[in-house]
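Have a look at upload.cif; it's mmCIF, C-alpha atoms:
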```
data_my_file
loop_
_atom_site.label_atom_id
_atom_site.label_comp_id
_atom_site.auth_asym_id
_atom_site.auth_seq_id
_atom_site.Cartn_x
_atom_site.Cartn_y
_atom_site.Cartn_z
CA MET A 509 3.41 -5.00 14.66
CA ARG A 510 4.14 -7.91 12.35
CA ALA A 511 2.13 -6.28 9.57
CA LEU A 512 3.85 -2.92 10.04
CA SER A 513 7.35 -4.40 10.03
CA ALA A 514 6.41 -6.47 6.97
CA ILE A 515 5.36 -3.30 5.13
CA ILE A 516 8.59 -1.52 6.08
CA LEU A 517 10.79 -4.50 5.16
CA ARG A 518 9.01 -5.03 1.86
CA ASP A 519 9.34 -1.35 0.90
CA LEU A 520 13.05 -1.44 1.78
CA LYS A 521 13.60 -4.57 -0.33
CA LEU A 522 11.80 -2.97 -3.26
CA ALA A 523 13.70 0.30 -2.85
CA PHE A 524 17.11 -1.36 -2.90
CA ARG A 525 16.41 -3.90 -5.65
CA ALA A 526 16.78 -3.10 -9.33
CA GLY A 527 14.50 -0.28 -10.33
CA GLY A 528 14.03 0.84 -6.73
CA GLY A 529 13.91 4.49 -5.75
CA SER A 530 16.75 4.54 -3.25
CA MET A 531 19.72 4.74 -5.59
CA GLN A 532 17.79 7.14 -7.80
CA ALA A 533 17.52 9.73 -5.01
CA VAL A 534 21.15 9.32 -3.94
CA SER A 535 22.43 9.57 -7.52
CA PHE A 536 20.36 12.67 -8.13
CA PHE A 537 21.76 14.19 -4.92
CA ALA A 538 25.34 13.42 -5.98
CA ILE A 539 24.84 14.72 -9.53
CA VAL A 540 23.33 18.04 -8.43
CA ILE A 541 26.07 18.64 -5.84
CA VAL A 542 28.82 17.83 -8.36
CA LEU A 543 27.22 20.16 -10.90
CA PHE A 544 27.06 22.96 -8.31
CA ALA A 545 30.70 22.39 -7.38
CA LEU A 546 31.72 22.56 -11.03
CA ALA A 547 29.56 25.61 -11.74
CA ILE A 548 30.86 27.61 -8.79
CA GLY A 549 34.43 26.87 -9.76
CA PRO A 550 37.58 27.33 -7.68
CA ASP A 551 36.24 30.02 -5.31
CA ILE A 552 36.98 27.98 -2.18
CA PRO A 553 35.84 30.46 0.54
CA LEU A 554 32.50 30.96 -1.26
CA ILE A 555 31.84 27.28 -1.81
CA SER A 556 32.61 26.30 1.76
CA LYS A 557 30.40 29.13 3.05
CA ILE A 558 27.37 27.92 1.08
CA ALA A 559 28.11 24.18 1.45
CA SER A 560 25.65 23.50 4.30
CA PRO A 561 22.64 25.34 2.81
CA LEU A 562 23.41 23.80 -0.58
CA LEU A 563 23.53 20.26 0.83
CA TRP A 564 20.28 20.88 2.69
CA ALA A 565 18.45 22.23 -0.36
CA CYS A 566 19.71 19.42 -2.58
CA ALA A 567 18.81 16.75 -0.01
CA LEU A 568 15.31 18.23 0.00
CA LEU A 569 15.07 18.15 -3.80
CA SER A 570 16.32 14.56 -3.88
CA THR A 571 13.59 13.62 -1.42
CA LEU A 572 11.06 15.37 -3.62
CA ILE A 573 11.74 13.28 -6.72
CA SER A 574 11.18 10.02 -4.82
CA LEU A 575 7.79 10.89 -3.33
CA ASP A 576 5.57 10.03 -6.26
CA GLN A 577 6.03 6.27 -5.91
CA ILE A 578 5.29 5.92 -2.17
CA TYR A 579 1.66 4.90 -2.70
CA ARG A 580 1.33 4.93 -6.47
CA ALA A 581 3.11 1.63 -7.10
CA ASP A 582 0.93 -0.07 -4.47
CA ARG A 583 -2.22 1.38 -5.96
CA GLU A 584 -1.36 0.37 -9.51
CA ASP A 585 -0.74 -3.29 -8.68
CA GLY A 586 -3.64 -3.62 -6.20
CA SER A 587 -1.48 -3.95 -3.07
CA LEU A 588 -2.96 -0.77 -1.61
CA ASP A 589 -6.36 -2.49 -1.34
CA VAL A 590 -4.78 -5.31 0.66
CA ILE A 591 -2.83 -2.92 2.87
CA VAL A 592 -5.87 -0.74 3.59
CA ALA A 593 -8.21 -3.72 4.09
CA THR A 594 -5.86 -5.39 6.57
CA SER A 595 -4.87 -2.24 8.47
CA GLU A 596 -6.07 -2.17 12.04
CA GLU A 597 -5.26 1.52 12.16
CA LEU A 598 -4.61 3.15 8.80
CA VAL A 599 -2.91 6.15 10.45
CA VAL A 600 -0.25 3.85 11.93
CA THR A 601 0.20 2.14 8.56
CA CYS A 602 0.79 5.58 7.03
CA VAL A 603 3.53 6.20 9.62
CA ALA A 604 5.11 2.87 8.60
CA LYS A 605 5.03 3.85 4.91
CA ALA A 606 6.67 7.21 5.72
CA ALA A 607 9.24 5.43 7.91
CA ALA A 608 10.05 3.05 5.06
CA HIS A 609 10.50 6.03 2.75
CA TRP A 610 12.87 7.70 5.19
CA LEU A 611 14.91 4.51 5.68
CA SER A 612 15.17 3.93 1.93
CA THR A 613 15.73 7.57 0.86
CA GLY A 614 16.42 9.96 3.77
CA LEU A 615 18.99 7.77 5.50
CA PRO A 616 21.00 6.95 2.32
CA LEU A 617 21.06 10.70 1.53
CA ILE A 618 22.45 11.41 4.99
CA LEU A 619 25.06 8.66 4.57
CA ALA A 620 26.11 10.17 1.24
CA THR A 621 26.32 13.69 2.67
CA PRO A 622 29.85 13.54 4.22
CA ALA A 623 31.41 12.37 0.95
CA LEU A 624 29.69 15.14 -1.00
CA ALA A 625 30.54 17.69 1.70
CA ILE A 626 34.24 17.05 1.06
CA LEU A 627 33.64 18.08 -2.54
CA LEU A 628 32.21 21.39 -1.31
CA ASN A 629 35.09 21.92 1.15
CA LEU A 630 32.80 21.95 4.18
CA GLU A 631 34.68 23.05 7.33
CA ALA A 632 35.57 20.26 9.75
CA GLY A 633 33.40 21.67 12.53
CA ALA A 634 30.33 21.87 10.31
CA TYR A 635 29.90 18.13 9.69
CA GLY A 636 28.36 17.39 13.08
CA PRO A 637 25.68 20.12 13.01
CA LEU A 638 24.84 19.36 9.35
CA ILE A 639 24.37 15.62 9.90
CA LEU A 640 22.45 16.22 13.13
CA SER A 641 20.09 18.70 11.47
CA LEU A 642 19.53 16.30 8.56
CA LEU A 643 18.80 13.45 10.97
CA ILE A 644 16.16 15.56 12.71
CA GLY A 645 14.71 17.23 9.62
CA THR A 646 14.53 14.57 6.90
CA PRO A 647 11.97 12.38 8.71
CA GLY A 648 9.68 15.42 8.57
CA LEU A 649 10.25 15.63 4.81
CA SER A 650 9.27 11.96 4.40
CA LEU A 651 6.14 12.38 6.54
CA ILE A 652 4.92 15.47 4.66
CA GLY A 653 5.92 13.95 1.33
CA ALA A 654 4.01 10.75 2.04
CA PHE A 655 0.93 12.87 2.74
CA ALA A 656 1.24 14.60 -0.65
CA ALA A 657 1.73 11.19 -2.29
CA ALA A 658 -1.43 9.88 -0.63
CA LEU A 659 -3.37 12.94 -1.68
CA THR A 660 -2.41 12.55 -5.35
CA VAL A 661 -2.30 8.75 -5.58
CA SER A 662 -5.18 8.46 -8.03
CA LEU A 663 -3.98 11.24 -10.35
CA PRO A 664 -1.81 10.52 -13.37
CA ARG A 665 1.59 12.23 -13.53
CA ALA A 666 1.30 13.76 -10.11
CA SER A 667 4.98 14.67 -9.63
CA LEU A 668 4.44 18.33 -10.44
CA LEU A 669 1.40 18.54 -8.20
CA ILE A 670 3.31 16.86 -5.37
CA SER A 671 6.11 19.42 -5.73
CA ILE A 672 3.62 22.28 -5.55
CA ILE A 673 1.88 20.79 -2.51
CA VAL A 674 5.00 20.00 -0.50
CA SER A 675 7.16 23.03 -1.32
CA PRO A 676 5.47 25.45 1.09
CA LEU A 677 5.23 22.69 3.72
CA PHE A 678 8.95 21.92 3.38
CA VAL A 679 9.95 25.57 3.86
CA PRO A 680 10.08 25.61 7.69
CA ILE A 681 12.15 22.42 7.72
CA LEU A 682 14.56 23.87 5.16
CA ILE A 683 14.91 27.19 7.00
CA PHE A 684 15.46 25.71 10.46
CA GLY A 685 17.55 22.80 9.19
CA SER A 686 19.84 24.89 7.08
CA GLY A 687 19.88 27.55 9.80
CA ALA A 688 20.92 25.01 12.43
CA ALA A 689 23.64 23.56 10.20
CA THR A 690 25.11 26.98 9.44
CA ALA A 691 24.83 28.33 12.99
CA GLY A 692 26.32 25.14 14.45
CA ALA A 693 29.39 25.43 12.22
CA GLY A 694 30.09 28.99 13.40
CA GLY A 695 29.46 28.29 17.09
CA ASP A 696 26.47 30.64 16.89
CA PRO A 697 24.08 30.47 19.93
CA GLN A 698 21.20 30.33 17.43
CA PHE A 699 22.15 26.67 16.80
CA MET A 700 20.05 25.19 19.60
CA SER A 701 16.99 27.33 18.92
CA ASN A 702 17.09 26.42 15.22
CA LEU A 703 17.52 22.76 16.08
CA MET A 704 14.58 22.84 18.48
CA LEU A 705 12.31 24.53 15.96
CA LEU A 706 13.42 21.94 13.41
CA GLY A 707 12.50 19.18 15.84
CA ALA A 708 9.16 20.85 16.47
CA SER A 709 8.46 20.98 12.72
CA THR A 710 9.18 17.26 12.36
CA LEU A 711 7.06 16.39 15.39
CA PHE A 712 4.23 18.52 14.04
CA ALA A 713 4.46 16.62 10.74
CA ALA A 714 4.60 13.31 12.61
CA ILE A 715 1.22 14.02 14.17
CA PHE A 716 -0.74 15.67 11.39
CA ALA A 717 0.71 14.17 8.20
CA PRO A 718 -0.30 10.53 8.96
CA LEU A 719 -3.83 11.59 9.94
CA ALA A 720 -4.16 13.52 6.69
CA SER A 721 -2.56 10.67 4.69
CA ALA A 722 -5.04 8.13 6.03
CA ALA A 723 -7.99 10.37 5.17
CA ALA A 724 -6.58 11.03 1.70
CA LEU A 725 -6.02 7.32 1.02
CA ARG A 726 -9.55 6.44 2.07
CA SER A 727 -11.09 9.02 -0.21
CA ASN A 728 -8.78 8.04 -3.08
CA LEU A 729 -9.84 4.39 -2.97
CA ASP A 730 -13.32 5.38 -4.13
CA MET B 189 -4.13 -29.55 -2.19
CA ALA B 190 -4.26 -30.16 1.53
CA VAL B 191 -5.90 -26.96 2.64
CA ASP B 192 -7.08 -26.51 6.14
CA ALA B 193 -10.03 -24.21 5.57
CA THR B 194 -11.61 -24.38 8.98
CA VAL B 195 -13.59 -21.28 9.77
CA PRO B 196 -13.61 -20.53 13.47
CA ARG B 197 -17.16 -19.29 13.69
CA LEU B 198 -19.99 -19.52 11.19
CA ILE B 199 -21.17 -16.08 10.23
CA ARG B 200 -23.91 -14.57 8.16
CA TYR B 201 -22.97 -11.54 6.12
CA ARG B 202 -25.78 -9.17 5.38
CA ALA B 203 -25.72 -6.11 3.15
CA THR B 204 -28.93 -4.14 3.25
CA ASN B 205 -30.00 -1.52 0.71
CA ILE B 206 -26.50 -0.34 -0.06
CA CYS B 207 -26.05 2.58 -2.44
CA VAL B 208 -22.64 3.44 -3.84
CA SER B 209 -21.50 6.29 -6.08
CA ARG B 210 -18.25 6.63 -7.93
CA GLY B 211 -17.07 9.86 -9.49
CA GLY B 212 -20.39 11.47 -8.69
CA ASP B 213 -22.49 8.84 -10.50
CA ARG B 214 -24.71 6.46 -8.60
CA ILE B 215 -23.54 2.97 -9.56
CA LEU B 216 -25.47 0.80 -7.11
CA THR B 217 -28.93 1.61 -5.80
CA ASP B 218 -30.49 -0.33 -2.92
CA VAL B 219 -28.61 -3.57 -3.39
CA SER B 220 -29.26 -6.17 -0.72
CA LEU B 221 -27.41 -9.43 -0.39
CA THR B 222 -27.27 -11.99 2.39
CA LEU B 223 -24.57 -14.63 2.52
CA GLN B 224 -25.29 -17.71 4.64
CA PRO B 225 -22.53 -20.18 5.51
CA GLY B 226 -21.92 -22.34 2.45
CA ASP B 227 -23.42 -19.85 0.00
CA ALA B 228 -21.90 -19.09 -3.36
CA VAL B 229 -23.09 -16.16 -5.43
CA MET B 230 -22.17 -15.82 -9.07
CA LEU B 231 -22.32 -12.15 -9.87
CA ARG B 232 -23.07 -11.47 -13.49
CA GLY B 233 -23.90 -8.47 -15.58
CA PRO B 234 -22.71 -6.47 -18.54
CA ASN B 235 -19.59 -4.30 -18.35
CA GLY B 236 -20.31 -1.24 -16.26
CA ALA B 237 -23.14 -2.86 -14.32
CA GLY B 238 -21.20 -2.41 -11.10
CA LYS B 239 -19.86 -5.88 -10.30
CA THR B 240 -16.47 -4.64 -9.20
CA THR B 241 -18.05 -1.71 -7.36
CA LEU B 242 -20.32 -4.10 -5.45
CA LEU B 243 -17.42 -6.36 -4.49
CA ARG B 244 -15.31 -3.41 -3.34
CA ALA B 245 -18.23 -2.02 -1.37
CA LEU B 246 -18.79 -5.41 0.29
CA ALA B 247 -15.07 -5.51 1.08
CA GLY B 248 -15.37 -2.19 2.89
CA LEU B 249 -13.10 -0.40 0.44
CA LEU B 250 -15.73 2.06 -0.78
CA ARG B 251 -17.82 4.49 1.19
CA LEU B 252 -21.51 3.65 1.21
CA ASP B 253 -23.90 6.50 0.39
CA SER B 254 -26.52 4.67 2.41
CA GLY B 255 -27.35 1.18 3.59
CA ALA B 256 -25.50 -1.03 5.98
CA ILE B 257 -23.35 -4.13 6.14
CA ALA B 258 -23.70 -6.34 9.18
CA VAL B 259 -21.96 -9.50 10.30
CA GLU B 260 -24.09 -11.84 12.38
CA ASP B 261 -23.39 -15.07 14.17
CA ALA B 262 -25.11 -17.64 11.95
CA ALA B 263 -26.35 -19.70 14.90
CA THR B 264 -27.61 -17.00 17.24
CA GLY B 265 -28.22 -14.07 14.91
CA GLU B 266 -26.26 -11.76 17.19
CA ILE B 267 -24.26 -8.99 15.57
CA VAL B 268 -20.54 -9.74 15.70
CA PRO B 269 -18.77 -6.44 16.41
CA ASP B 270 -15.34 -5.72 14.92
CA ALA B 271 -15.60 -8.77 12.69
CA ASP B 272 -13.25 -8.64 9.74
CA PRO B 273 -14.62 -11.58 7.78
CA VAL B 274 -13.78 -10.57 4.22
CA VAL B 275 -10.94 -11.18 1.82
CA TYR B 276 -11.19 -9.35 -1.48
CA CYS B 277 -9.33 -10.50 -4.58
CA GLY B 278 -9.66 -7.82 -7.22
CA PRO B 279 -8.81 -7.97 -10.90
CA LEU B 280 -5.25 -6.91 -10.01
CA ASN B 281 -2.97 -9.51 -8.45
CA ALA B 282 -1.43 -7.21 -5.81
CA THR B 283 1.94 -8.85 -6.34
CA LYS B 284 5.29 -7.09 -6.48
CA SER B 285 7.18 -8.13 -9.58
CA ALA B 286 10.58 -7.60 -7.92
CA LEU B 287 9.73 -10.03 -5.11
CA SER B 288 9.72 -13.81 -5.37
CA VAL B 289 6.55 -15.89 -5.15
CA ASP B 290 7.35 -16.83 -1.55
CA GLU B 291 8.21 -13.24 -0.59
CA ASN B 292 4.84 -12.07 -1.93
CA LEU B 293 3.04 -14.84 -0.03
CA ALA B 294 5.00 -14.08 3.15
CA PHE B 295 4.05 -10.41 2.89
CA TRP B 296 0.35 -11.28 2.71
CA ALA B 297 0.74 -13.75 5.56
CA ALA B 298 2.10 -10.92 7.69
CA LEU B 299 -0.68 -8.52 6.68
CA TYR B 300 -3.42 -11.09 7.29
CA ARG B 301 -1.70 -12.23 10.50
CA ALA B 302 -1.59 -15.79 9.20
CA PRO B 303 0.82 -18.45 10.47
CA LYS B 304 3.85 -19.00 8.25
CA GLU B 305 2.86 -22.62 7.50
CA ARG B 306 0.00 -21.28 5.44
CA ILE B 307 2.45 -19.93 2.84
CA GLY B 308 3.24 -23.52 1.83
CA GLU B 309 -0.45 -24.47 1.86
CA ALA B 310 -1.37 -21.59 -0.41
CA ARG B 311 1.49 -22.35 -2.77
CA ALA B 312 0.51 -26.01 -2.98
CA ALA B 313 -3.20 -25.22 -3.38
CA PHE B 314 -2.57 -23.21 -6.52
CA GLY B 315 0.16 -25.43 -7.93
CA LEU B 316 2.96 -22.90 -7.46
CA ASP B 317 5.37 -25.24 -5.64
CA GLY B 318 7.76 -25.30 -8.58
CA PHE B 319 7.97 -21.53 -8.65
CA ALA B 320 8.61 -20.63 -5.00
CA GLY B 321 11.81 -18.72 -5.70
CA ARG B 322 10.86 -17.21 -9.02
CA ARG B 323 10.32 -13.46 -9.28
CA ALA B 324 6.63 -12.68 -9.60
CA GLY B 325 7.47 -10.45 -12.56
CA ALA B 326 8.81 -13.49 -14.41
CA LEU B 327 5.60 -15.50 -14.04
CA SER B 328 3.23 -15.98 -16.94
CA THR B 329 -0.13 -14.20 -16.80
CA GLY B 330 -1.92 -17.35 -15.66
CA LEU B 331 0.65 -18.21 -13.00
CA ALA B 332 0.58 -14.62 -11.76
CA ARG B 333 -3.19 -14.86 -11.44
CA ARG B 334 -2.84 -18.07 -9.44
CA LEU B 335 -0.39 -16.27 -7.15
CA GLY B 336 -2.88 -13.41 -6.78
CA LEU B 337 -5.66 -15.84 -5.89
CA ALA B 338 -3.45 -17.55 -3.31
CA ARG B 339 -4.34 -14.60 -1.04
CA LEU B 340 -7.66 -16.36 -0.43
CA ILE B 341 -5.91 -19.30 1.21
CA ILE B 342 -3.46 -17.10 3.12
CA ALA B 343 -6.16 -14.84 4.55
CA GLN B 344 -8.54 -17.68 5.41
CA LYS B 345 -11.53 -15.42 5.96
CA PRO B 346 -15.09 -16.75 5.88
CA ILE B 347 -16.23 -14.48 3.04
CA TRP B 348 -14.38 -14.59 -0.28
CA LEU B 349 -15.04 -11.76 -2.72
CA VAL B 350 -13.39 -12.57 -6.03
CA ASP B 351 -13.40 -10.50 -9.21
CA GLU B 352 -12.88 -12.35 -12.52
CA PRO B 353 -10.83 -15.16 -10.98
CA THR B 354 -10.52 -17.33 -14.04
CA ALA B 355 -10.07 -14.77 -16.83
CA SER B 356 -6.48 -15.82 -17.48
CA LEU B 357 -6.54 -19.37 -16.08
CA ASP B 358 -6.42 -22.54 -18.15
CA SER B 359 -9.34 -24.95 -17.73
CA ARG B 360 -7.46 -27.18 -15.29
CA SER B 361 -6.54 -24.24 -13.04
CA ALA B 362 -10.12 -22.99 -13.24
CA GLU B 363 -11.26 -26.42 -12.00
CA VAL B 364 -8.75 -26.24 -9.18
CA PHE B 365 -10.13 -22.84 -8.24
CA SER B 366 -13.71 -24.16 -8.33
CA SER B 367 -12.74 -27.06 -6.08
CA LEU B 368 -11.11 -24.69 -3.61
CA VAL B 369 -14.30 -22.63 -3.52
CA GLU B 370 -16.31 -25.83 -2.89
CA ARG B 371 -14.00 -26.82 -0.07
CA HIS B 372 -14.33 -23.34 1.40
CA ARG B 373 -18.15 -23.59 1.23
CA ASN B 374 -18.16 -27.04 2.79
CA SER B 375 -16.28 -25.68 5.76
CA GLY B 376 -18.91 -22.99 6.30
CA GLY B 377 -17.48 -20.16 4.23
CA ALA B 378 -19.23 -18.20 1.52
CA ALA B 379 -18.09 -16.66 -1.73
CA VAL B 380 -19.19 -13.96 -4.15
CA ILE B 381 -17.60 -14.38 -7.54
CA ALA B 382 -17.92 -11.90 -10.38
CA THR B 383 -17.37 -13.78 -13.59
CA HIS B 384 -18.34 -14.08 -17.21
CA ASP B 385 -17.38 -17.72 -17.54
CA GLY B 386 -15.12 -20.41 -16.24
CA VAL B 387 -16.28 -21.01 -12.71
CA ASP B 388 -18.67 -23.91 -12.34
CA LEU B 389 -20.16 -24.38 -8.90
CA ASP B 390 -22.95 -26.54 -7.51
CA ARG B 391 -25.96 -24.89 -5.96
CA ALA B 392 -24.67 -21.42 -6.73
CA ARG B 393 -27.02 -18.47 -6.70
CA ARG B 394 -26.89 -16.26 -9.72
CA VAL B 395 -27.26 -12.54 -9.24
CA GLU B 396 -27.64 -10.37 -12.30
CA LEU B 397 -26.63 -6.76 -12.02
CA ALA B 398 -28.26 -4.46 -14.53
CA CYS B 399 -28.52 -0.69 -14.67
CA GLY B 400 -27.03 -0.43 -11.21
CA ALA B 401 -29.51 -2.57 -9.27
CA ALA B 402 -29.58 -6.21 -8.24
CA GLN B 403 -32.56 -8.04 -9.69
#
```
Please express the file's structure as structure tokens.
Amino acid sequence: MRALSAIILRDLKLAFRAGGGSMQAVSFFAIVIVLFALAIGPDIPLISKIASPLLWACALLSTLISLDQIYRADREDGSLDVIVATSEELVVTCVAKAAAHWLSTGLPLILATPALAILLNLEAGAYGPLILSLLIGTPGLSLIGAFAAALTVSLPRASLLISIIVSPLFVPILIFGSGAATAGAGGDPQFMSNLMLLGASTLFAAIFAPLASAAALRSNLD
Amino acid sequence: MAVDATVPRLIRYRATNICVSRGGDRILTDVSLTLQPGDAVMLRGPNGAGKTTLLRALAGLLRLDSGAIAVEDAATGEIVPDADPVVYCGPLNATKSALSVDENLAFWAALYRAPKERIGEARAAFGLDGFAGRRAGALSTGLARRLGLARLIIAQKPIWLVDEPTASLDSRSAEVFSSLVERHRNSGGAAVIATHDGVDLDRARRVELACGAAQ
């Protein structure tokens, strides 16, 4: 436990210090939302109708740009050898790395969401379902993303490859997450079913992504 | 320099006929190496002979094509299951430049499940006491290497595998490193050191790697 919490705390420190990935993801999120708001213009009914799906898609893209560094930085400076060599169970260590990524990227994105939602004129009743769906869905994004990062850790300039690998895997989370957020705002009975499928997607990722990450890391150390 | 290097149990580390490939090419063929308590092996060989590959294989970081690595109790010869006797110090320092010297040491202490007091020991052993709060990224190359090597003291494992420890160290620091290796050997540990120069040890075995096989 001490080793796992040390890995999470260290990754958080690094993410929030100068040059860390946390602010990068949040700034990207804010910039894209502001650009959308400006591009759509003063059509208020339209913008508030698409606000939830837009925030979901942009949160997903912001997660995407931060994935590359999850294991790469540790591999380049040799830390990955130490982490792998001292891991009692590499699968659990992979969960810790994904958890650190969510705490340093997913959670700040969720915290930034209400402020950006105001910009898109999100209806008052839609905030709760949107935040809830993000809370359930974004850990799944971090878990799947960490797997893609582990798979490509020894390749140079892997960002594009990571995007291609994770995009199809992110699709269910995007569909159910955005679906839950939209349905919840309108009082649609589909809200709960979407939310449950979203939870199922994240749980599925929580089981299989760390197993695959550990296998990928082992083969990439060779 | 007060380093408590007691090793709880004397072990013998035996690699038998290990073969390792990287990128599809066979790098090591049937390499065997036995480390008794107190042994020091100086691993030499031209670039590309497989020194780093051998160290990483011994550290359990590479898959073996064939062969086996066993850890035995040095007194009884019994196999010690689930032993994790190795600390590997590669050519990279494994430090985070945004973290301070002490933060880097504390991270390793957590990973190696070492008591916190050992952070101070490791810092003192490598003469880093004056730099405890400095960012690792602001250390000179030699100081950064000393910080990287401080892992050996933090981990306190019986087998040290060290790759080019003294490449960027001044002669005084290289002597300090040699004396730490001697102390480690005297307390029953063993070390394999890949080096071209710098490290001067008594009674050290020399192993030459050439064309992918130990001779």
*Once the PyMOL selection byres ((chain A) within 6 of (chain B)) has been applied to the shown file, what residues remain in the selection, as a list in words?*
Arg510, Ala511, Asp585, Gly586, Ser587 and Asp730 of chain A
*Could you tell me which residues the PyMOL selection byres ((chain A and resi 600-607) around 9) grabs in this file, written as a PyMOL selection string?*
chain A and resi 511-513+515-516+519+578-579+591-592+595-599+608-612+647+650-655+714+717-719+721-722
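In this model, the gap between atom CA of Ala720 of chain A and atom CA of Phe678 of chain A comes to 15.9 Å.
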_Around the point (-21.6, -13.7, 16.4) (coordinates from the file), which residues reach within 12 Å if we count only C-alpha atoms? Answer as number ranges by chain._
B: 196-201, 258-273
*Polymer residues at most 9 Å from segment 541-551 of chain A, all atoms listed in the file, same-chain spacing of 5 or more positions, as a PyMOL selection string*: chain A and resi 536+556+562-563+566+624-625+627-628
Convert the current residue selection to file output with C-alpha atoms, as a compact mmCIF listing (two decimals), in the frame of the given file.
```txt
# COMPACT_ATOMS: atom_id res chain seq x y z
CA PHE A 536 20.36 12.67 -8.13
CA SER A 556 32.61 26.30 1.76
CA LEU A 562 23.41 23.80 -0.58
CA LEU A 563 23.53 20.26 0.83
CA CYS A 566 19.71 19.42 -2.58
CA LEU A 624 29.69 15.14 -1.00
CA ALA A 625 30.54 17.69 1.70
CA LEU A 627 33.64 18.08 -2.54
CA LEU A 628 32.21 21.39 -1.31
```
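Atom CA of Pro353 of chain B lies 7.8 Å from atom CA of Ala382 of chain B.
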*asked:* Env of segment 638-644 of chain A: 7 Å cut, atoms = only C-alpha atoms, seq-sep filter 2 positions within chain, self excluded. Answer as a list of chain:residue names.
replied: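 Using only C-alpha atoms, the neighbours found are A:Ser560, A:Ile618, A:Ala634, A:Tyr635, A:Gly636, A:Thr646, A:Pro647, A:Gly685, A:Ala688, A:Ala689, A:Leu703, A:Leu706, A:Gly707.
Closest approach to Val380 of chain B from the set B:Ile347, B:Ala237, B:Ala313, B:Cys207 is made by B:Ile347, with distances taken over only C-alpha atoms.
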*For atom CA of Leu617 of chain A and atom CA of Thr571 of chain A, quote the distance in Å rounded to one decimal.*
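These two atoms are separated by 8.5 Å.
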*Given the file shown, determine the residues that the PyMOL selection byres ((chain A and resi 671) around 12) selects; report them as a ChimeraX atom specification.*
/A:568-576,649,652-657,660,665-670,672-678
Store the residues picked out above, limited to C-alpha atoms, as a PDB file, keeping the file's coordinate frame.
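Listing of result_29.pdb after writing:
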```
ATOM      1  CA  LEU A 568      15.310  18.230   0.000  1.00  0.00           C
ATOM      2  CA  LEU A 569      15.070  18.150  -3.800  1.00  0.00           C
ATOM      3  CA  SER A 570      16.320  14.560  -3.880  1.00  0.00           C
ATOM      4  CA  THR A 571      13.590  13.620  -1.420  1.00  0.00           C
ATOM      5  CA  LEU A 572      11.060  15.370  -3.620  1.00  0.00           C
ATOM      6  CA  ILE A 573      11.740  13.280  -6.720  1.00  0.00           C
ATOM      7  CA  SER A 574      11.180  10.020  -4.820  1.00  0.00           C
ATOM      8  CA  LEU A 575       7.790  10.890  -3.330  1.00  0.00           C
ATOM      9  CA  ASP A 576       5.570  10.030  -6.260  1.00  0.00           C
ATOM     10  CA  LEU A 649      10.250  15.630   4.810  1.00  0.00           C
ATOM     11  CA  ILE A 652       4.920  15.470   4.660  1.00  0.00           C
ATOM     12  CA  GLY A 653       5.920  13.950   1.330  1.00  0.00           C
ATOM     13  CA  ALA A 654       4.010  10.750   2.040  1.00  0.00           C
ATOM     14  CA  PHE A 655       0.930  12.870   2.740  1.00  0.00           C
ATOM     15  CA  ALA A 656       1.240  14.600  -0.650  1.00  0.00           C
ATOM     16  CA  ALA A 657       1.730  11.190  -2.290  1.00  0.00           C
ATOM     17  CA  THR A 660      -2.410  12.550  -5.350  1.00  0.00           C
ATOM     18  CA  ARG A 665       1.590  12.230 -13.530  1.00  0.00           C
ATOM     19  CA  ALA A 666       1.300  13.760 -10.110  1.00  0.00           C
ATOM     20  CA  SER A 667       4.980  14.670  -9.630  1.00  0.00           C
ATOM     21  CA  LEU A 668       4.440  18.330 -10.440  1.00  0.00           C
ATOM     22  CA  LEU A 669       1.400  18.540  -8.200  1.00  0.00           C
ATOM     23  CA  ILE A 670       3.310  16.860  -5.370  1.00  0.00           C
ATOM     24  CA  ILE A 672       3.620  22.280  -5.550  1.00  0.00           C
ATOM     25  CA  ILE A 673       1.880  20.790  -2.510  1.00  0.00           C
ATOM     26  CA  VAL A 674       5.000  20.000  -0.500  1.00  0.00           C
ATOM     27  CA  SER A 675       7.160  23.030  -1.320  1.00  0.00           C
ATOM     28  CA  PRO A 676       5.470  25.450   1.090  1.00  0.00           C
ATOM     29  CA  LEU A 677       5.230  22.690   3.720  1.00  0.00           C
ATOM     30  CA  PHE A 678       8.950  21.920   3.380  1.00  0.00           C
TER      31      PHE A 678
END
```
*Between A:Leu725, A:Leu663, A:Ile558, A:Val590, single out the one closest to Glu631 of chain A, counting only C-alpha atoms.*
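Looking only at the distances to Glu631 of chain A, the closest residue turns out to be A:Ile558.
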*Residues near segment 393-395 of chain B, cut-off 6 Å, only C-alpha atoms, skip fewer than 3 positions along chain, as a ChimeraX atom specification*: /B:229-231
*Name the residues in contact with Leu223 of chain B at a cut-off of 7 Å, using all atoms listed in the file, excluding same-chain residues fewer than 2 positions from it; report them as a list of chain:residue names.*
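The residues satisfying every condition are B:Arg200, B:Tyr201, B:Arg202, B:Leu221, B:Pro225, B:Asp227, B:Ala378.
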May I have the selected residues written with C-alpha atoms, as a CSV table (one decimal), in the frame of the given file?
```
chain,number,residue,atom,x,y,z
B,200,ARG,CA,-23.9,-14.6,8.2
B,201,TYR,CA,-23.0,-11.5,6.1
B,202,ARG,CA,-25.8,-9.2,5.4
B,221,LEU,CA,-27.4,-9.4,-0.4
B,225,PRO,CA,-22.5,-20.2,5.5
B,227,ASP,CA,-23.4,-19.8,0.0
B,378,ALA,CA,-19.2,-18.2,1.5
```
